[in-house]
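Notes follow once the structure below has been shown.
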8 protein chains.
Amino acid sequence: MNAESIRNILESVRRGKITADEGVSRLRHLPFEDLGFAKVDHHRALRVGMPEVIFAHGKSATQVREIFFRLAKHGGNVLATRAIADQFKAVKKKIRRAEYRPEARAIILHQDKNIYGKGRIAVVCAGTSDIPVAEEAVVTAELMGNAVERLYDVGVAGIHRLLANRKSLTQARVIIVCAGMEGALPSVVGGLVGVPVIAVPTSIGYGAAFEGLAALLGMMNSCASNVSVVNIDNGFGAGYVASLINRL
Amino acid sequence: MNAESIRNILESVRRGKITADEGVSRLRHLPFEDLGFAKVDHHRALRVGMPEVIFAHGKSATQVREIFFRLAKHGGNVLATRAIADQFKAVKKKIRRAEYRPEARAIILHQDKNIYGKGRIAVVCAGTSDIPVAEEAVVTAELMGNAVERLYDVGVAGIHRLLANRKSLTQARVIIVCAGMEGALPSVVGGLVGVPVIAVPTSIGYGAAFEGLAALLGMMNSCASNVSVVNIDNGFGAGYVASLINRL
Amino acid sequence: MNAESIRNILESVRRGKITADEGVSRLRHLPFEDLGFAKVDHHRALRVGMPEVIFAHGKSATQVREIFFRLAKHGGNVLATRAIADQFKAVKKKIRRAEYRPEARAIILHQDKNIYGKGRIAVVCAGTSDIPVAEEAVVTAELMGNAVERLYDVGVAGIHRLLANRKSLTQARVIIVCAGMEGALPSVVGGLVGVPVIAVPTSIGYGAAFEGLAALLGMMNSCASNVSVVNIDNGFGAGYVASLINRL
Amino acid sequence: MNAESIRNILESVRRGKITADEGVSRLRHLPFEDLGFAKVDHHRALRVGMPEVIFAHGKSATQVREIFFRLAKHGGNVLATRAIADQFKAVKKKIRRAEYRPEARAIILHQDKNIYGKGRIAVVCAGTSDIPVAEEAVVTAELMGNAVERLYDVGVAGIHRLLANRKSLTQARVIIVCAGMEGALPSVVGGLVGVPVIAVPTSIGYGAAFEGLAALLGMMNSCASNVSVVNIDNGFGAGYVASLINRL
Amino acid sequence: MNAESIRNILESVRRGKITADEGVSRLRHLPFEDLGFAKVDHHRALRVGMPEVIFAHGKSATQVREIFFRLAKHGGNVLATRAIADQFKAVKKKIRRAEYRPEARAIILHQDKNIYGKGRIAVVCAGTSDIPVAEEAVVTAELMGNAVERLYDVGVAGIHRLLANRKSLTQARVIIVCAGMEGALPSVVGGLVGVPVIAVPTSIGYGAAFEGLAALLGMMNSCASNVSVVNIDNGFGAGYVASLINRL
Amino acid sequence: MNAESIRNILESVRRGKITADEGVSRLRHLPFEDLGFAKVDHHRALRVGMPEVIFAHGKSATQVREIFFRLAKHGGNVLATRAIADQFKAVKKKIRRAEYRPEARAIILHQDKNIYGKGRIAVVCAGTSDIPVAEEAVVTAELMGNAVERLYDVGVAGIHRLLANRKSLTQARVIIVCAGMEGALPSVVGGLVGVPVIAVPTSIGYGAAFEGLAALLGMMNSCASNVSVVNIDNGFGAGYVASLINRL
Amino acid sequence: MNAESIRNILESVRRGKITADEGVSRLRHLPFEDLGFAKVDHHRALRVGMPEVIFAHGKSATQVREIFFRLAKHGGNVLATRAIADQFKAVKKKIRRAEYRPEARAIILHQDKNIYGKGRIAVVCAGTSDIPVAEEAVVTAELMGNAVERLYDVGVAGIHRLLANRKSLTQARVIIVCAGMEGALPSVVGGLVGVPVIAVPTSIGYGAAFEGLAALLGMMNSCASNVSVVNIDNGFGAGYVASLINRL
Amino acid sequence: MNAESIRNILESVRRGKITADEGVSRLRHLPFEDLGFAKVDHHRALRVGMPEVIFAHGKSATQVREIFFRLAKHGGNVLATRAIADQFKAVKKKIRRAEYRPEARAIILHQDKNIYGKGRIAVVCAGTSDIPVAEEAVVTAELMGNAVERLYDVGVAGIHRLLANRKSLTQARVIIVCAGMEGALPSVVGGLVGVPVIAVPTSIGYGAAFEGLAALLGMMNSCASNVSVVNIDNGFGAGYVASLINRL
């Protein structure tokens with residue numbers, strides 16, 4: 001243990017076993033993490049209610065299962081994103097209570113059901129094709145202890161659908177907006193509310209959508225001042241940022 | 001005259017001066033335009049009420065003046081786009097009735113005040129910085145004989161401003177929408193109406209706006225099916241296309 | 001019914017059951033669409049003859065079948081774009097009169113055979129590889145009640161083929177031009193006619209075609225003023241815009 | 001007043017001056033904003049402590065002065081971003097208490113000195129060239145009623161400078177990080193704290209920095225999950241988003 | 001027949017069946033190609049020795065076979081580029097003398113073995129991976145009646161290999177240079193000779209090669225003045241242009 | 001002189017002053033160019049009639065004058081491209097017969113008026129703004145001893161202007177085509193003729209023209225097989241390549 | 001032999017068999033490589049300890065086996081990069097001592113186990129997904145005779161992991177840093193050490209990572225002055241450059 | 001002093017003034033740099049002979065003067081890059097021995113003339129326009145205590161100029177190669193030598209050079225394995241990396 005190492009050195013100094021100078025010298029050669037900086041503890045405190053996360057894409061079913069199993073032991077929630085059914089099957093065999101959310105492409109283990117968020121997070125998406133990204137945000141936010149409300153298929157070309165849900169929007173404490181194609185929805189949502197909006201460009205679209213680049217650029221240039229942006233298809237990141245905000 | 005050249009050849013054939021075969025041969029060697037294809041005449045007919053247009057950018061004041069003067073003689077309207085005050089001064093000396101529209105950066109001569117458009121063209125813009133492009137569209141549409149209504153500063157981040165003008169939008173026969181930054185406005189307008197929307201990305205914005213590229217990509221990917229797009233800052237082109245549609 | 005809800009509230013006011021203030025308050029809390037804005041009705045009127053549309057790409061055969069079936073009940077035309085044979089088989093089992101247009105990758109149900117367009121729409125394409133996109137435009141325009149003429153394989157490197165069809169071009173009321181590679185055809189067609197040209201860049205080409213980007217940029221910069229552009233491979237959008245124009 | 005208009009109609013109904021049906025009809029034709037939707041009021045409430053903002057770039061000194069003057073009357077704070085000294089001189093003549101922050105390129109009027117933020121906002125920047133963007137964030141956050149701490153010139157190539165300030169970082173409630181060139185700083189900061197990090201790419205750099213594109217892409221791909229991004233050089237947007245978060 | 005149609009009209013004029021004016025009118029309405037412009041004939045003359053070409057990529061084996069068969073009847077050479085073995089098998093069944101050049105991905109029918117080129121064409125490539133593109137150029141040039149010399153695997157990182165072949169280079173009348181990765185070879189070759197160099201960027205490379213973009217940009221910026229460039233992987237185009245030059 | 005150096009060594013060997021081995025050794029240490037490789041002579045032969053060229057952009061008037069003066073002594077033609085009036089004034093003072101071609105931005109000294117080209121080079125441009133690039137090509141070709149014909153302002157949106165000049169096109173031995181915006185002209189010209197076409201994208205256009213990128217991509221993807229491309233605005237390169245071809 | 005050829009000519013001159021002039025002429029026509037430039041020998045010397053390298057990607061198992069076999073005969077080390085298991089099986093049959101390093105995707109033959117490097121090379125990577133690229137660098141450096149130390153999974157979002165290994169970093173003579181996503185790690189490492197850092201962007205990431213472009217741009221703009229960059233995923237190149245440096 | 005602070009704490013422990021636990025706690029709260037990590041000292045050692053560097057671009061003459069003056073006091077060399085004459089004048093007034101290298105755009109103070117580099121650094125450039133970047137590399141390397149040899153204007157289109165200097169190249173211990181346009185030179189140089197080559201793309205060129213992007217991509221894709229790359233126009237970085245290598 002870190003603090004232990006330091007205390008040992010200090011004890012040696014105190015007992016006169018080594019000089020103060022030698023103590024200084026030894027301290028310098030301790031590995032960094034052995035210094036037991038507050039940051040680590042602080043982080044641990046902060047991480048209460050944070051899920052352990054696995055990016056499953058490109059990992060074998062066995063790898064996912066083993067990592068999942070190890071993390072599950074910490075007692076908190078576990079989330080494997082970009083996971084496929086085969087990976088879930090492997091996990092399921094070892095961790096009975098693991099669940100699969102196919103629309104979110106996520107394997108979850110919901111052990112800690114406390115609510116840490118102070119308000120509600122609204123997750124909005126423009127079209128039905130954006131739902132997988134939105135669901136990744138939802139499942140992330142839920143595993144981080146938030147009440148989440150979904151507002152799906154409210155794209156800007158049918159603005160009345162969005163306006164009909166304005167009440168839900170104005171009652172949210174943070175809003176996540178997922179949209180592909182022209183990525184216009186965060187600007188409209190941002191204009192309707194006075195809370196932070198996390199925009200997620202999706203790779204939905206074709207041709208000049210350029211795999212989400214059009215949506216990304218659109219969101220970066222939002223004329224609404226309360227919008228910030230995460231990576232294309234990064235529902236997890238949006239859920240994570242929104243959860244941090246909602247805990248404040 | 002074209003028809004004349006052909007008639008002369010035919011007359012020579014008729015009078016036996018040349019054989020039919022010689023006639024065929026001579027016809028083949030007439031320059032293309034001498035054949036007097038219907039297209040030209042047809043075009044001339046079509047062009048009734050079309051302004052003569054000068055792209056003034058990069059031309060000297062003298063050049064603009066001389067071209068303007070020559071075109072003014074045709075009796076129709078004349079439009080110099082991307083024109084500056086000095087160019088106007090030069091034109092004004094020679095063509096007294098020429099006017100300058102500084103916000104549209106246009107020199108105009110409005111000789112033919114007939115209305116050719118069957119309905120009204122609405123010109124919408126997102127922010128005050130987009131007005132020069134919108135005004136170029138307005139002046140183009142007006143010189144082509146259209147009733148035009150302006151709806152300015154109705155960007156998507158304050159959607160109520162746009163909705164408050166929905167009546168104007170739904171009464172237009174064609175709509176031009178100019179927007180920079182994320183270029184989201186055409187999608188929203190497109191969803192509110194059932195008429196063609198001509199979208200004009202503007203170079204307004206900074207950073208990831210990339211001189212209008214973000215708006216252009218956004219508009220190309222519009223989730224509204226009634227939107228088509230012209231070049232960045234091309235207010236003239238939008239006014240031209242809208243006028244053609246409004247004449248149908 | 002919307003108007004009904006409002007009338008009920010007003011009736012309650014009239015009968016003294018509730019005060020005017022209470023009426024104001026209740027009106028505010030009605031869902032948006034219940035206010036019965038003209039737009040909705042107007043839209044419904046406008047939509048007479050509009051096909052119901054499904055973007056089939058990425059949907060399961062079952063999903064396409066179910067949505068198709070539901071939309072077919074409205075009595076109008078139904079169009080599933082980017083559809084494959086398997087999706088059609090599923091649809092066909094439930095809706096006997098559904099047809100598949102393989103070259104357009106479209107499943108259609110042509111229930112309303114009225115003609116709503118006032119003139120003819122010409123659909124032009126540069127090479128045989130552009131035909132699928134052109135056919136998507138054709139089938140869209142036909143389902144929206146238009147007479148359509150095809151002019152295929154008339155690319156600019158053999159300009160005489162195009163010129164030989166000039167008569168067809170000049171008789172069209174709106175023209176759709178699909179082209180990949182350098183995307184030059186809309187400029188040439190635009191110069192030959194005095195009507196609106198809807199340009200569709202296609203992803204045909206290789207190397208520096210960059211999946212349609214070269215054609216898209218070419219069309220955005222068209223030197224013909226009557227050209228506006230839709231997304232890469234978006235035959236549906238072009239057919240839709242052209243149909244709206246042709247109805248005016 | 002909006003509610004008044006509606007009440008008047010309802011009163012007319014109540015008094016039998018008009019029928020309920022006429023009332024319905026009149027309500028439909030009221031301009032949207034006259035319906036007095038909660039959103040507007042709600043927004044006004046929300047906007048307590050929000051500065052009125054002018055994007056001064058490209059506006060004449062007179063325009064900035066006039067807009068500034070009008071906004072100043074509302075009694076709240078006023079902020080003109082991207083402002084130059086000449087614009088300030090003009091403003092100063094009319095609004096004596098206006099101040100100029102040259103490093104932030106901002107003209108401010110600090111009338112409301114209440115603190116609305118619940119914690120402290122740390123504004124971090126990588127190099128001295130990033131300071132103008134960072135200062136724009138600072139001045140925005142201050143005018144929105146936040147305690148702000150600056151941590152400047154702590155770029156990743158001298159990681160010990162950043163680590164030496166870890167205490168300040170861990171005590172902030174929200175962190176803004178401005179960086180140009182490779183834009184790596186937000187990832188490192190994000191890894192050190194458990195609060196939301198708003199990343200601002202700056203256009204600092206040359207060559208392959210491509211005016212901030214390299215930093216923007218870097219930040220979008222941050223390996224720290226608590227990072228979201230605003231537009232290149234958008235210090236104002238970062239200050240605005242951070243202030244909203246800090247008010248929660 | 002075209003000339004026939006015109007002659008018929010002229011004969012009618014000559015015989016007094018129709019007036020000269022009527023003749024003019026009828027001529028105008030003849031389809032364009034019926035005018036029998038010299039261009040067509042001229043082209044036919046020019047095309048002596050030109051292969052008929054099929055872009056086989058994306059066509060079915062049956063389609064390739066049928067088109068190949070039809071073109072083969074013209075008696076000249078036939079070339080199907082980007083062809084696979086299955087397509088060849090189909091062709092082979094119908095056209096016995098057809099051959100497959102796997103390294104060039106080409107099916108050929110070499111019926112006309114005349115030499116039309118005045119000198120020799122050198123086809124140079126940088127690495128062995130560029131050979132398919134180089135071979136497409138070779139086979140094109142051979143079918144167009146040229147003597148061709150191959151200089152393969154002489155990339156710039158082993159400049160002595162190239163210099164050792166300088167004699168071959170200086171004896172060629174036109175040179176085709178295929179290179180991927182940094183695309184530097186055409187500049188070096190261009191500096192060694194005084195004849196036209198046709199550069200072909202290839203899609204060989206990975207990472208920042210961006211599918212040939214790096215090579216394309218490199219070649220466009222060649223510091224050798226005698227270099228012009230065709231599309232990425234366009235061996236056919238290079239062979240075609242070189243053959244035209246070599247015929248002069 | 002090179003050959004001299006080698007001969008001297010050989011003479012020393014012949015006279016027995018040094019051994020053959022010593023001769024081998026000395027030869028190896030001669031600077032490369034002293035070996036007088038055939039290439040150099042060959043080049044010199046080839047270079048008969050080639051102008052000496054200065055890229056004047058960014059050089060001081062004095063630098064241009066001095067280089068020009070030195071090159072003028074060789075007795076051949078001298079060409080300074082991208083030159084401004086002030087540079088010409090400086091040159092003129094020292095070389096009386098130097099001329100300035102403002103539209104081509106070129107200073108020339110036409111000392112060798114022999115014709116080396118075997119046919120005529122046609123230089124075609126799309127719009128009047130492309131003329132400076134076209135004129136650079138013209139002046140280059142003329143100084144390299146070619147008969148040149150100009151066909152200007154024949155862009156594809158007015159295809160009849162181009163077709164009216166088809167005779168000139170079909171009589172050229174090589175054709176240079178300069179075009180900005182969509183860069184479509186080379187494809188159309190390429191389809192009309194059977195000779196090599198050198199395409200020059202120009203930086204003319206705005207917005208999505210991206211300083212010539214749109215035209216460049218368009219030309220790279222030309223559907224005409226006889227087109228090769230040089231750098232944006234590189235009239236000199238096109239003139240140079242065309243001259244080499246015309247000498248063959 | 002080269003020198004022989006030259007000596008023969010000189011001997012002929014010496015003996016009067018040919019004149020000096022004839023000698024000059026003959027020398028000019030010797031192929032370049034016959035001049036026996038030092039470079040070749042020098043290179044051979046330099047290459048002691050260099051592995052022979054095969055880029056296996058896209059080659060058949062048979063091709064890899066044959067090339068590998070031929071190179072193995074030289075007695076030095078052999079390295080096949082981007083190799084798959086099937087290729088290894090083929091090689092293994094013929095060269096018993098060949099080994100496969102799956103994580104590096106490399107087939108190796110380690111015949112020369114001398115150490116040529118003067119110090120240690122540290123190979124650092126940001127995340128576990130970057131390991132294949134890092135391992136390619138490791139295996140390259142090892143086959144080139146270097147002591148290598150791995151520091152994996154020390155990305156910047158957990159800066160303490162990196163700092164804990166600072167001792168290893170400061171003891172390396174050259175450092176290779178592989179990172180995808182934002183590519184920030186080389187800047188941080190560069191700031192911690194005073195030795196050359198070779199940065200390798202990897203294609204790890206998604207969305208705005210654009211296949212390694214984000215990391216590449218980030219590394220090009222590193223604020224640490226001791227960083228230079230190789231191509232995306234080019235572990236081999238990094239290992240090669242680092243080995244050359246470590247030999248100095 | 002750092003070590004002092006730690007010793008003080010340890011002394012307090014030793015003397016029993018505070019407990020060991022209290023000592024641990026206090027140590028944790030010392031600012032990071034107070035821990036006196038070896039890295040700092042080590043760095044200081046390493047930095048012997050390193051110049052202090054100012055990036056002068058965008059700084060006022062006064063700012064440059066003051067920073068220069070402060071750094072000059074350290075007794076080592078000082079380098080201000082991207083400096084203009086006015087900045088030099090200001091510096092000169094205060095530091096008499098400061099010199100200006102206009103071609104390198106650098107202000108230098110050469111106080112420490114020791115040679116730290118073990119061999120010679122060759123700085124190669126392709127054209128005369130690349131010289132400013134090359135000279136920045138030269139001046140950096142010289143101030144860092146290296147013998148430098150310049151090889152200028154040896155671009156690949158005249159390969160004999162480069163080959164004539166091969167001896168110089170093969171005698172260098174590290175080589176810096178600066179090139180714009182197609183950026184091919186590093187590949188050729190890399191192939192001629194067995195030492196590390198640092199490539200510097202320059203922004204020289206026009207059109208498709210895209211401000212150095214073409215050269216950058218070319219160099220990233222170099223077919224020579226011993227090439228690594230720094231940012232566009234980053235002569236300083238290249239000189240710095242080369243100096244570090246040359247010290248090893």
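Ligands are numbered from 1 in the order shown, chains are lettered A, B, ... in the order of the structure tokens, and residues start at 1 in each chain.
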
Worksheet item: Which parts of segment 161-191 of chain F does DSSP call strand (DSSP E) when run on the backbone here, written out as a ChimeraX atom specification?
Response: /F:174-179

Item to complete: Using only C-alpha atoms, determine which residues of chain E fall within 7 Å of chain H; present them as a ChimeraX atom specification.
Response: /E:156-159,181-182,184,187-188,190-191,208-209,214-215,217-224

Item to complete: Please identify all polymer residues within 7 Å of segment 7-10 of chain A, counting only C-alpha atoms, omitting same-chain residues fewer than 6 positions from it, and present them as a PyMOL selection string.
Response: (chain A and resi 23) or (chain H and resi 10+13+20-21+24)

Worksheet item: Skipping near chain neighbours, those fewer than 3 positions away, what residues fall within 6 Å of segment 101-112 of chain E using only C-alpha atoms, listed as a ChimeraX atom specification?
Response: /E:76-83,98,132,135-136

Quick one: write out the picked residues with N, CA, C and O atoms as a JSON list (two decimals), in the first residue's frame?
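part06.json, freshly written:
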[["chain", "number", "residue", "atom", "x", "y", "z"],
["E", 76, "GLY", "N", -12.63, -4.90, -85.23],
["E", 76, "GLY", "CA", -11.47, -4.30, -84.58],
["E", 76, "GLY", "C", -11.14, -5.02, -83.29],
["E", 76, "GLY", "O", -11.69, -6.09, -82.99],
["E", 77, "ASN", "N", -10.25, -4.43, -82.53],
["E", 77, "ASN", "CA", -9.89, -5.02, -81.24],
["E", 77, "ASN", "C", -10.95, -4.71, -80.20],
["E", 77, "ASN", "O", -11.64, -3.69, -80.29],
["E", 78, "VAL", "N", -11.06, -5.60, -79.21],
["E", 78, "VAL", "CA", -12.03, -5.37, -78.13],
["E", 78, "VAL", "C", -11.29, -5.52, -76.80],
["E", 78, "VAL", "O", -10.44, -6.39, -76.66],
["E", 79, "LEU", "N", -11.64, -4.66, -75.88],
["E", 79, "LEU", "CA", -10.98, -4.64, -74.57],
["E", 79, "LEU", "C", -12.03, -4.51, -73.47],
["E", 79, "LEU", "O", -12.85, -3.60, -73.49],
["E", 80, "ALA", "N", -12.02, -5.47, -72.55],
["E", 80, "ALA", "CA", -12.88, -5.34, -71.37],
["E", 80, "ALA", "C", -11.97, -5.13, -70.16],
["E", 80, "ALA", "O", -11.19, -6.02, -69.81],
["E", 81, "THR", "N", -12.06, -3.95, -69.55],
["E", 81, "THR", "CA", -11.19, -3.65, -68.41],
["E", 81, "THR", "C", -11.88, -4.02, -67.10],
["E", 81, "THR", "O", -13.09, -4.19, -67.06],
["E", 82, "ARG", "N", -11.08, -4.12, -66.03],
["E", 82, "ARG", "CA", -11.59, -4.48, -64.70],
["E", 82, "ARG", "C", -12.46, -5.74, -64.77],
["E", 82, "ARG", "O", -13.55, -5.79, -64.19],
["E", 83, "ALA", "N", -12.01, -6.72, -65.54],
["E", 83, "ALA", "CA", -12.77, -7.95, -65.73],
["E", 83, "ALA", "C", -12.23, -9.04, -64.83],
["E", 83, "ALA", "O", -11.04, -9.09, -64.52],
["E", 98, "ALA", "N", -10.84, -14.89, -77.79],
["E", 98, "ALA", "CA", -10.67, -13.94, -76.69],
["E", 98, "ALA", "C", -9.62, -14.47, -75.71],
["E", 98, "ALA", "O", -9.50, -15.67, -75.51],
["E", 132, "PRO", "N", -0.77, -4.24, -61.68],
["E", 132, "PRO", "CA", -2.06, -4.35, -62.36],
["E", 132, "PRO", "C", -2.45, -3.08, -63.11],
["E", 132, "PRO", "O", -2.97, -3.16, -64.22],
["E", 135, "GLU", "N", -0.20, -2.81, -66.15],
["E", 135, "GLU", "CA", -0.56, -3.78, -67.19],
["E", 135, "GLU", "C", -1.83, -3.37, -67.93],
["E", 135, "GLU", "O", -1.99, -3.65, -69.12],
["E", 136, "GLU", "N", -2.73, -2.71, -67.23],
["E", 136, "GLU", "CA", -3.93, -2.20, -67.91],
["E", 136, "GLU", "C", -3.52, -1.17, -68.96],
["E", 136, "GLU", "O", -4.07, -1.14, -70.06]]

Practice prompt. Could you pull out the residues in segment 66-218 of chain D that DSSP calls helix (DSSP H, G or I) from the backbone, as number ranges by chain?
Written response: D: 66-72, 85-94, 102-104, 128-143, 156-163, 166-171, 185-192, 207-218

Practice prompt. With a distance cut-off of 10 Å and only C-alpha atoms, select the neighbouring residues of Met144 of chain E, excluding the residue or stretch itself and same-chain residues fewer than 5 positions from it, and output the selection as a VMD selection string.
Written response: chain E and resid 47 to 52 76 to 79 110 112 to 117 138 to 139 239 to 240 242 to 244 247

Selection above as a file: N, CA, C and O atoms, as a compact mmCIF listing (two decimals), in the first residue's frame:
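Written output follows (selection_5.txt):
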# COMPACT_ATOMS: atom_id res chain seq x y z
N ARG E 47 -11.02 6.71 -85.59
CA ARG E 47 -11.11 5.57 -84.71
C ARG E 47 -10.51 4.31 -85.31
O ARG E 47 -10.52 3.26 -84.66
N VAL E 48 -10.00 4.35 -86.54
CA VAL E 48 -9.34 3.17 -87.10
C VAL E 48 -8.26 2.71 -86.12
O VAL E 48 -7.41 3.50 -85.71
N GLY E 49 -8.31 1.50 -85.72
CA GLY E 49 -7.29 0.99 -84.83
C GLY E 49 -7.58 1.20 -83.36
O GLY E 49 -6.84 0.74 -82.50
N MET E 50 -8.66 1.90 -83.07
CA MET E 50 -9.04 2.08 -81.67
C MET E 50 -9.78 0.84 -81.21
O MET E 50 -10.66 0.35 -81.92
N PRO E 51 -9.50 0.37 -80.01
CA PRO E 51 -10.27 -0.78 -79.53
C PRO E 51 -11.65 -0.32 -79.07
O PRO E 51 -11.83 0.82 -78.67
N GLU E 52 -12.61 -1.23 -79.18
CA GLU E 52 -13.89 -1.01 -78.53
C GLU E 52 -13.69 -1.39 -77.06
O GLU E 52 -13.05 -2.39 -76.76
N GLY E 76 -12.63 -4.90 -85.23
CA GLY E 76 -11.47 -4.30 -84.58
C GLY E 76 -11.14 -5.02 -83.29
O GLY E 76 -11.69 -6.09 -82.99
N ASN E 77 -10.25 -4.43 -82.53
CA ASN E 77 -9.89 -5.02 -81.24
C ASN E 77 -10.95 -4.71 -80.20
O ASN E 77 -11.64 -3.69 -80.29
N VAL E 78 -11.06 -5.60 -79.21
CA VAL E 78 -12.03 -5.37 -78.13
C VAL E 78 -11.29 -5.52 -76.80
O VAL E 78 -10.44 -6.39 -76.66
N LEU E 79 -11.64 -4.66 -75.88
CA LEU E 79 -10.98 -4.64 -74.57
C LEU E 79 -12.03 -4.51 -73.47
O LEU E 79 -12.85 -3.60 -73.49
N HIS E 110 -7.72 -9.58 -79.95
CA HIS E 110 -6.71 -8.85 -80.72
C HIS E 110 -6.85 -9.20 -82.19
O HIS E 110 -6.10 -10.01 -82.72
N ASP E 112 -7.00 -6.89 -84.87
CA ASP E 112 -6.25 -5.97 -85.75
C ASP E 112 -4.86 -5.79 -85.17
O ASP E 112 -4.70 -5.13 -84.14
N LYS E 113 -3.87 -6.41 -85.79
CA LYS E 113 -2.52 -6.38 -85.22
C LYS E 113 -1.62 -5.36 -85.90
O LYS E 113 -0.39 -5.41 -85.78
N ASN E 114 -2.23 -4.42 -86.63
CA ASN E 114 -1.42 -3.36 -87.23
C ASN E 114 -0.79 -2.49 -86.15
O ASN E 114 -1.31 -2.37 -85.05
N ILE E 115 0.35 -1.90 -86.50
CA ILE E 115 0.99 -0.93 -85.60
C ILE E 115 0.64 0.48 -86.08
O ILE E 115 0.89 0.83 -87.23
N TYR E 116 -0.02 1.24 -85.23
CA TYR E 116 -0.37 2.61 -85.59
C TYR E 116 0.54 3.64 -84.91
O TYR E 116 0.66 4.77 -85.37
N GLY E 117 1.12 3.27 -83.81
CA GLY E 117 1.99 4.21 -83.09
C GLY E 117 3.32 4.39 -83.80
O GLY E 117 3.88 3.43 -84.32
N VAL E 138 -0.58 -1.14 -70.43
CA VAL E 138 0.14 -1.88 -71.48
C VAL E 138 -0.85 -2.49 -72.46
O VAL E 138 -0.73 -2.34 -73.69
N VAL E 139 -1.83 -3.19 -71.92
CA VAL E 139 -2.75 -3.91 -72.80
C VAL E 139 -3.56 -2.92 -73.65
O VAL E 139 -3.84 -3.17 -74.83
N GLY E 239 -3.08 4.61 -71.03
CA GLY E 239 -2.74 3.90 -72.27
C GLY E 239 -3.40 4.56 -73.47
O GLY E 239 -2.80 4.65 -74.55
N TYR E 240 -4.60 5.05 -73.26
CA TYR E 240 -5.35 5.68 -74.33
C TYR E 240 -4.71 7.00 -74.75
O TYR E 240 -4.46 7.25 -75.93
N ALA E 242 -1.67 8.02 -74.15
CA ALA E 242 -0.33 7.79 -74.70
C ALA E 242 -0.41 7.30 -76.15
O ALA E 242 0.39 7.69 -76.99
N SER E 243 -1.41 6.47 -76.43
CA SER E 243 -1.57 5.96 -77.79
C SER E 243 -1.92 7.08 -78.76
O SER E 243 -1.39 7.14 -79.88
N LEU E 244 -2.81 7.97 -78.32
CA LEU E 244 -3.15 9.10 -79.19
C LEU E 244 -1.91 9.93 -79.49
O LEU E 244 -1.69 10.35 -80.62
N ARG E 247 0.44 8.30 -81.94
CA ARG E 247 -0.01 8.24 -83.33
C ARG E 247 0.28 9.52 -84.08
O ARG E 247 0.20 9.55 -85.31
